[in-house]
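A short write-up of the structure that comes next.
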2 protein chains.
Amino acid sequence: MRLLVAEDDRRIAEDVRTVLTSAGYAVDLVRNGEEAWFKGDTEDYGLIVLDLGLPGMDGISVLKQWRMSGRHTPVLVLTARGSWAERVEGIDAGADDYLPKPFQFEELLARVRALIRRSVGHGAATIEIGRLVVDTRMMRVAVDGIPLSLTPFEFRLVSYLAHHRGRVVPASELQDHVYGDDFSREANALEAMIARLRKKLGSEMIATRRGFGYLMGDDG
Amino acid sequence: MRLLVAEDDRRIAEDVRTVLTSAGYAVDLVRNGEEAWFKGDTEDYGLIVLDLGLPGMDGISVLKQWRMSGRHTPVLVLTARGSWAERVEGIDAGADDYLPKPFQFEELLARVRALIRRSVGHGAATIEIGRLVVDTRMMRVAVDGIPLSLTPFEFRLVSYLAHHRGRVVPASELQDHVYGDDFSREANALEAMIARLRKKLGSEMIATRRGFGYLMGDDG
DNA sequence: CCGAAGCTGACAACTCGCTGACAGCCGCTG
DNA sequence: CAGCGGCTGTCAGCGAGTTGTCAGCTTCGG
């Protein structure tokens with residue numbers, strides 16, 4: 001597997017490359033924003049490690065560019081220590097995980113592995129659950145072949161449940177994934193969304209396990 | 001699932017408890033090193049959140065003690081801000097993850113979940129005892145393949161007994177695991193739950209050992 | 001046969017999740 | 001800039017599901 005590391009600090013970059021290389025990955029290194037953007041957009045990486053403090057085009061913009069042009073490569077963001085704002089921004093922009101500096105290389109490796117495992121598991125572009133089809137690339141959902149128009153949050157919710165079909169997903173976990181770290185709303189907001197979703201999908205598609213959470217695909 | 005939180009700062013401790021409780025965990029709280037060591041060594045937690053700056057026996061020693069006595073419960077260590085040395089020491093002593101203070105509760109929760117996911121990943125998702133199947137992913141229980149709908153407390157009770165099949169579990173231990181440290185109810189509450197459970201599962205599934213406790217799977 | 005331990009059905013209080021209505025916000029359009 | 005429509009959070013009320021308590025009963029062991 002091929003990885004891209006975008007990091008301007010030469011020493012860190014080399015160390016990271018060494019760690020990842022000896023873990024069996026092919027590693028490309030870039031040192032500024034423009035290069036990062038270009039390579040990430042034109043090459044096909046299994047994962048990208050992105051320092052937000054790059055010279056030139058800044059990390060967040062790079063990430064947003066990739067996502068806007070339809071790239072779903074997992075991105076692990078390196079943030080300055082304690083920069084909570086940066087992190088939130090990174091997640092909003094489409095990062096899959098973050099790691100505050102300074103970090104242990106073991107930890108970096110563990111997270112890289114976890115992300116890759118996750119994304120390989122997600123390989124298929126569409127998930128079918130009974131009469132429902134979720135197309136994660138096209139951001140489309142259909143029931144009995146009839147496409148539905150879902151709002152962004154609704155889509156995130158369905159696709160998360162679909163990815164975790166057959167498993168009860170606690171409401172709190174759903175919130176995390178639908179809303180990220182923005183916890184500025186009442187618990188009830190999620191329930192309202194579920195209700196609206198059920199109206200569109202049919203109420204039998206999402207089951208409630210009172211006291212535990214929600215799940216899809218309990219029957220098969 | 002039951003968690004132990006070892007933290008001496010009362011405010012932090014209460015907040016953490018609230019967050020974790022509302023995420024669906026039963027939480028026990030301790031405020032010093034000795035208590036932490038004792039409870040972590042004698043009770044059976046799914047995960048332990050350990051502040052290194054505990055009064056009395058210090059966190060690192062507590063952690064080392066646990067590991068030396070063969071406890072592999074996942075431990076999330078809380079370190080003082082910027083205390084790099086502590087962090088490394090914690091990891092060496094057997095911590096599974098660390099979190100520098102101050103932290104966002106969302107982040108704590110995310111890490112707790114990640115650790116638990118990792119550790120339960122090793123165990124099977126279902127437990128079979130005779131005609132009974134307990135599925136911890138779907139939060140479902142079935143007898144002879146027929147699914148039953150259990151309430152949250154009922155489910156916790158059954159799955160605890162199932163995890164400890166063939167062993168007599170004292171009523172007090174069951175209470176601990178179903179209710180955590182929340183003692184605010186009559187002893188009889190548990191009996192009532194057992195009764196309701198037996199009605200659903202069939203009365204022969206849970207045996208009573210008068211004077212000692214309950215058990216499942218004594219026959220096989 | 002007695003007392004203690006445990007069981008059980010009824011009940012009431014409570015909690016949780018659902019829903020419809022509404023309002024604020026945002027982006028679009030004229 | 002005003003008006004509009006879609007999206008989403010909030011609120012309040014409802015109803016079903018859940019759980020503790022209690023009182024009376026059964027079972028067990030000695």
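Each chain of the structure tokens is named A, B, ... in the order shown, its residues numbered from 1; ligands are numbered from 1 in display order.
When chain A is laid over chain B and all C-alpha atoms are paired one by one, the RMSD comes to 15.5 Å.
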query: Any idea which chain A residues end up within 7 Å of chain B if we count only C-alpha atoms, as a ChimeraX atom specification please?
result: /A:166-168,172,181,211-212
Mind dumping the selected residues with C-alpha atoms as a short mmCIF file (atom, residue, chain, number, x, y, z; two decimals), in the first residue's frame?
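Heads up, here's the output in again.cif:
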data_model
loop_
_atom_site.label_atom_id
_atom_site.label_comp_id
_atom_site.auth_asym_id
_atom_site.auth_seq_id
_atom_site.Cartn_x
_atom_site.Cartn_y
_atom_site.Cartn_z
CA GLY A 166 -26.68 -5.65 12.18
CA ARG A 167 -25.18 -3.79 15.09
CA VAL A 168 -27.00 -1.63 17.59
CA SER A 172 -24.40 8.98 21.42
CA ASP A 181 -17.60 17.39 18.03
CA GLY A 211 -32.22 2.04 26.04
CA PHE A 212 -29.50 0.91 23.61
#
message: as a VMD selection string, could you give me every residue of chain B near chain D (at most 10 Å apart, counting only C-alpha atoms (C1' of nucleotides))?
response: chain B and resid 151 to 153 184 to 186 188 to 190 192 to 193 210
Output file for the residues above (N, CA and C atoms, as an mmCIF file, in the first residue's frame):
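Result saved to selection16.cif:
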data_model
loop_
_atom_site.group_PDB
_atom_site.id
_atom_site.type_symbol
_atom_site.label_atom_id
_atom_site.label_comp_id
_atom_site.auth_asym_id
_atom_site.auth_seq_id
_atom_site.Cartn_x
_atom_site.Cartn_y
_atom_site.Cartn_z
ATOM 1 N N THR B 151 -35.316 -5.796 28.077
ATOM 2 C CA THR B 151 -35.095 -4.406 28.456
ATOM 3 C C THR B 151 -33.611 -4.232 28.752
ATOM 4 N N PRO B 152 -33.157 -2.988 28.815
ATOM 5 C CA PRO B 152 -31.731 -2.753 29.033
ATOM 6 C C PRO B 152 -31.189 -3.478 30.269
ATOM 7 N N PHE B 153 -31.855 -3.338 31.385
ATOM 8 C CA PHE B 153 -31.348 -3.988 32.593
ATOM 9 C C PHE B 153 -31.405 -5.497 32.467
ATOM 10 N N SER B 184 -29.359 2.820 45.350
ATOM 11 C CA SER B 184 -30.613 3.399 45.815
ATOM 12 C C SER B 184 -31.840 2.569 45.459
ATOM 13 N N ARG B 185 -31.806 1.301 45.794
ATOM 14 C CA ARG B 185 -33.042 0.540 45.644
ATOM 15 C C ARG B 185 -33.023 -0.684 46.548
ATOM 16 N N GLU B 186 -34.214 -1.212 46.785
ATOM 17 C CA GLU B 186 -34.353 -2.371 47.665
ATOM 18 C C GLU B 186 -33.698 -3.589 47.034
ATOM 19 N N ASN B 188 -34.834 -6.344 46.773
ATOM 20 C CA ASN B 188 -35.861 -7.083 46.046
ATOM 21 C C ASN B 188 -35.958 -6.727 44.568
ATOM 22 N N ALA B 189 -35.453 -5.556 44.209
ATOM 23 C CA ALA B 189 -35.550 -5.132 42.810
ATOM 24 C C ALA B 189 -34.918 -6.170 41.893
ATOM 25 N N LEU B 190 -33.792 -6.706 42.315
ATOM 26 C CA LEU B 190 -33.101 -7.693 41.507
ATOM 27 C C LEU B 190 -33.941 -8.954 41.363
ATOM 28 N N ALA B 192 -37.094 -9.195 41.435
ATOM 29 C CA ALA B 192 -38.194 -8.913 40.521
ATOM 30 C C ALA B 192 -37.717 -9.037 39.073
ATOM 31 N N MET B 193 -36.523 -8.525 38.805
ATOM 32 C CA MET B 193 -35.996 -8.614 37.450
ATOM 33 C C MET B 193 -35.740 -10.059 37.041
ATOM 34 N N ARG B 210 -29.686 -21.071 46.563
ATOM 35 C CA ARG B 210 -30.160 -20.396 47.765
ATOM 36 C C ARG B 210 -29.016 -20.067 48.706
#
Neighbour list for range 66-73 of chain B as a PyMOL selection string, cut-off 8 Å, only C-alpha atoms (C1' of nucleotides), skip fewer than 4 positions in-chain: chain B and resi 37+40-41+45-48+62+93-94
Go ahead and save the residues from that selection, with C-alpha atoms, as a short mmCIF file (atom, residue, chain, number, x, y, z; two decimals), in the first residue's frame.
data_model
loop_
_atom_site.label_atom_id
_atom_site.label_comp_id
_atom_site.auth_asym_id
_atom_site.auth_seq_id
_atom_site.Cartn_x
_atom_site.Cartn_y
_atom_site.Cartn_z
CA TRP B 37 -5.94 -0.42 43.00
CA GLY B 40 -9.48 -2.47 39.76
CA ASP B 41 -8.00 -5.64 41.13
CA TYR B 45 -14.39 -3.65 34.63
CA GLY B 46 -14.62 -3.25 30.90
CA LEU B 47 -12.28 -0.29 31.06
CA ILE B 48 -10.55 1.92 33.61
CA VAL B 62 -1.43 1.21 40.59
CA ALA B 93 3.56 0.62 32.62
CA GLY B 94 0.86 -0.86 30.43
#
Any idea which chain C residues end up within 8 Å of chain A if we count only C-alpha atoms (C1' of nucleotides), as a PDB file with N, CA and C atoms (P, O5', C5', C4', C3', O3' and C1' of nucleotides), in the first residue's frame please?
ATOM      1  P    DC C  16     -34.247   7.987  30.758  1.00  0.00           P
ATOM      2  O5'  DC C  16     -34.702   7.463  29.339  1.00  0.00           O
ATOM      3  C5'  DC C  16     -35.130   6.102  29.202  1.00  0.00           C
ATOM      4  C4'  DC C  16     -35.889   5.991  27.912  1.00  0.00           C
ATOM      5  C3'  DC C  16     -35.273   6.814  26.788  1.00  0.00           C
ATOM      6  O3'  DC C  16     -34.902   5.913  25.764  1.00  0.00           O
ATOM      7  C1'  DC C  16     -37.645   7.190  26.978  1.00  0.00           C
ATOM      8  P    DG C  17     -34.031   6.400  24.533  1.00  0.00           P
ATOM      9  O5'  DG C  17     -35.166   6.555  23.420  1.00  0.00           O
ATOM     10  C5'  DG C  17     -36.027   5.463  23.180  1.00  0.00           C
ATOM     11  C4'  DG C  17     -37.223   5.930  22.403  1.00  0.00           C
ATOM     12  C3'  DG C  17     -36.898   6.732  21.140  1.00  0.00           C
ATOM     13  O3'  DG C  17     -37.646   6.150  20.096  1.00  0.00           O
ATOM     14  C1'  DG C  17     -38.487   7.871  22.447  1.00  0.00           C
ATOM     15  P    DC C  18     -37.666   6.752  18.647  1.00  0.00           P
ATOM     16  O5'  DC C  18     -39.103   7.437  18.635  1.00  0.00           O
ATOM     17  C5'  DC C  18     -40.237   6.601  18.845  1.00  0.00           C
ATOM     18  C4'  DC C  18     -41.502   7.373  18.521  1.00  0.00           C
ATOM     19  C3'  DC C  18     -41.463   8.113  17.187  1.00  0.00           C
ATOM     20  O3'  DC C  18     -42.668   7.819  16.499  1.00  0.00           O
ATOM     21  C1'  DC C  18     -41.938   9.625  18.967  1.00  0.00           C
ATOM     22  P    DT C  19     -42.841   8.298  14.984  1.00  0.00           P
ATOM     23  O5'  DT C  19     -43.586   9.685  15.144  1.00  0.00           O
ATOM     24  C5'  DT C  19     -44.758   9.734  15.943  1.00  0.00           C
ATOM     25  C4'  DT C  19     -45.226  11.163  16.069  1.00  0.00           C
ATOM     26  C3'  DT C  19     -45.074  11.998  14.788  1.00  0.00           C
ATOM     27  O3'  DT C  19     -46.370  12.411  14.416  1.00  0.00           O
ATOM     28  C1'  DT C  19     -44.309  13.184  16.697  1.00  0.00           C
TER      29       DT C  19
END
field: Per-residue DSSP, range 155-220 of chain A, filtered to strand (DSSP E), as a ChimeraX atom specification
entry: /A:206-209,213-216
message: Going by DSSP on the backbone, which residues of chain B come out as alpha helix (DSSP H)? List them as an NGL selection string.
response: :B and (10-22 or 33-42 or 59-68 or 84-93 or 105-120 or 152-163 or 171-179 or 188-201)
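CA of Arg2 in chain B is positioned 23.9 Å from CA of Met205 in chain B.
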task: Please measure the separation of CA of Gln65 in chain A and CA of Asp8 in chain A, giving the value in Å to one decimal.
output: 19.4 Å
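Note that CA of Glu34 in chain A and CA of Gly56 in chain A are 6.7 Å apart.
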Test item: residues at most 12 Å from Arg10 in chain B, only C-alpha atoms (C1' of nucleotides), excluding those fewer than 3 positions along its chain, as JSON, numbers by chain: {"B": [5, 6, 7, 13, 14, 15, 16, 17, 29, 30, 31, 32, 54]}
Go ahead and save the residues from that selection, with N, CA and C atoms, as a compact mmCIF listing (two decimals), in the first residue's frame.
# COMPACT_ATOMS: atom_id res chain seq x y z
N VAL B 5 -13.66 4.84 37.17
CA VAL B 5 -13.01 6.13 36.97
C VAL B 5 -12.26 6.49 38.24
N ALA B 6 -10.94 6.63 38.14
CA ALA B 6 -10.12 6.99 39.30
C ALA B 6 -9.62 8.41 39.10
N GLU B 7 -10.20 9.32 39.82
CA GLU B 7 -9.92 10.76 39.62
C GLU B 7 -10.23 11.47 40.93
N ALA B 13 -14.34 14.49 38.09
CA ALA B 13 -14.86 13.13 38.29
C ALA B 13 -16.36 13.08 38.00
N GLU B 14 -17.09 14.05 38.54
CA GLU B 14 -18.54 14.03 38.35
C GLU B 14 -18.91 14.24 36.88
N ASP B 15 -18.20 15.16 36.24
CA ASP B 15 -18.49 15.41 34.82
C ASP B 15 -18.23 14.17 33.99
N VAL B 16 -17.09 13.55 34.27
CA VAL B 16 -16.74 12.35 33.51
C VAL B 16 -17.81 11.28 33.73
N ARG B 17 -18.21 11.15 34.99
CA ARG B 17 -19.22 10.16 35.27
C ARG B 17 -20.49 10.43 34.46
N LEU B 29 -16.79 5.27 40.83
CA LEU B 29 -15.85 6.36 41.03
C LEU B 29 -14.98 6.07 42.24
N VAL B 30 -13.67 6.30 42.11
CA VAL B 30 -12.81 6.27 43.30
C VAL B 30 -11.92 7.50 43.27
N ARG B 31 -11.42 7.90 44.46
CA ARG B 31 -10.71 9.17 44.55
C ARG B 31 -9.27 9.07 45.02
N ASN B 32 -8.78 7.88 45.26
CA ASN B 32 -7.37 7.77 45.63
C ASN B 32 -6.77 6.47 45.12
N LEU B 54 -3.16 10.79 41.36
CA LEU B 54 -4.03 10.46 42.49
C LEU B 54 -3.29 10.63 43.82
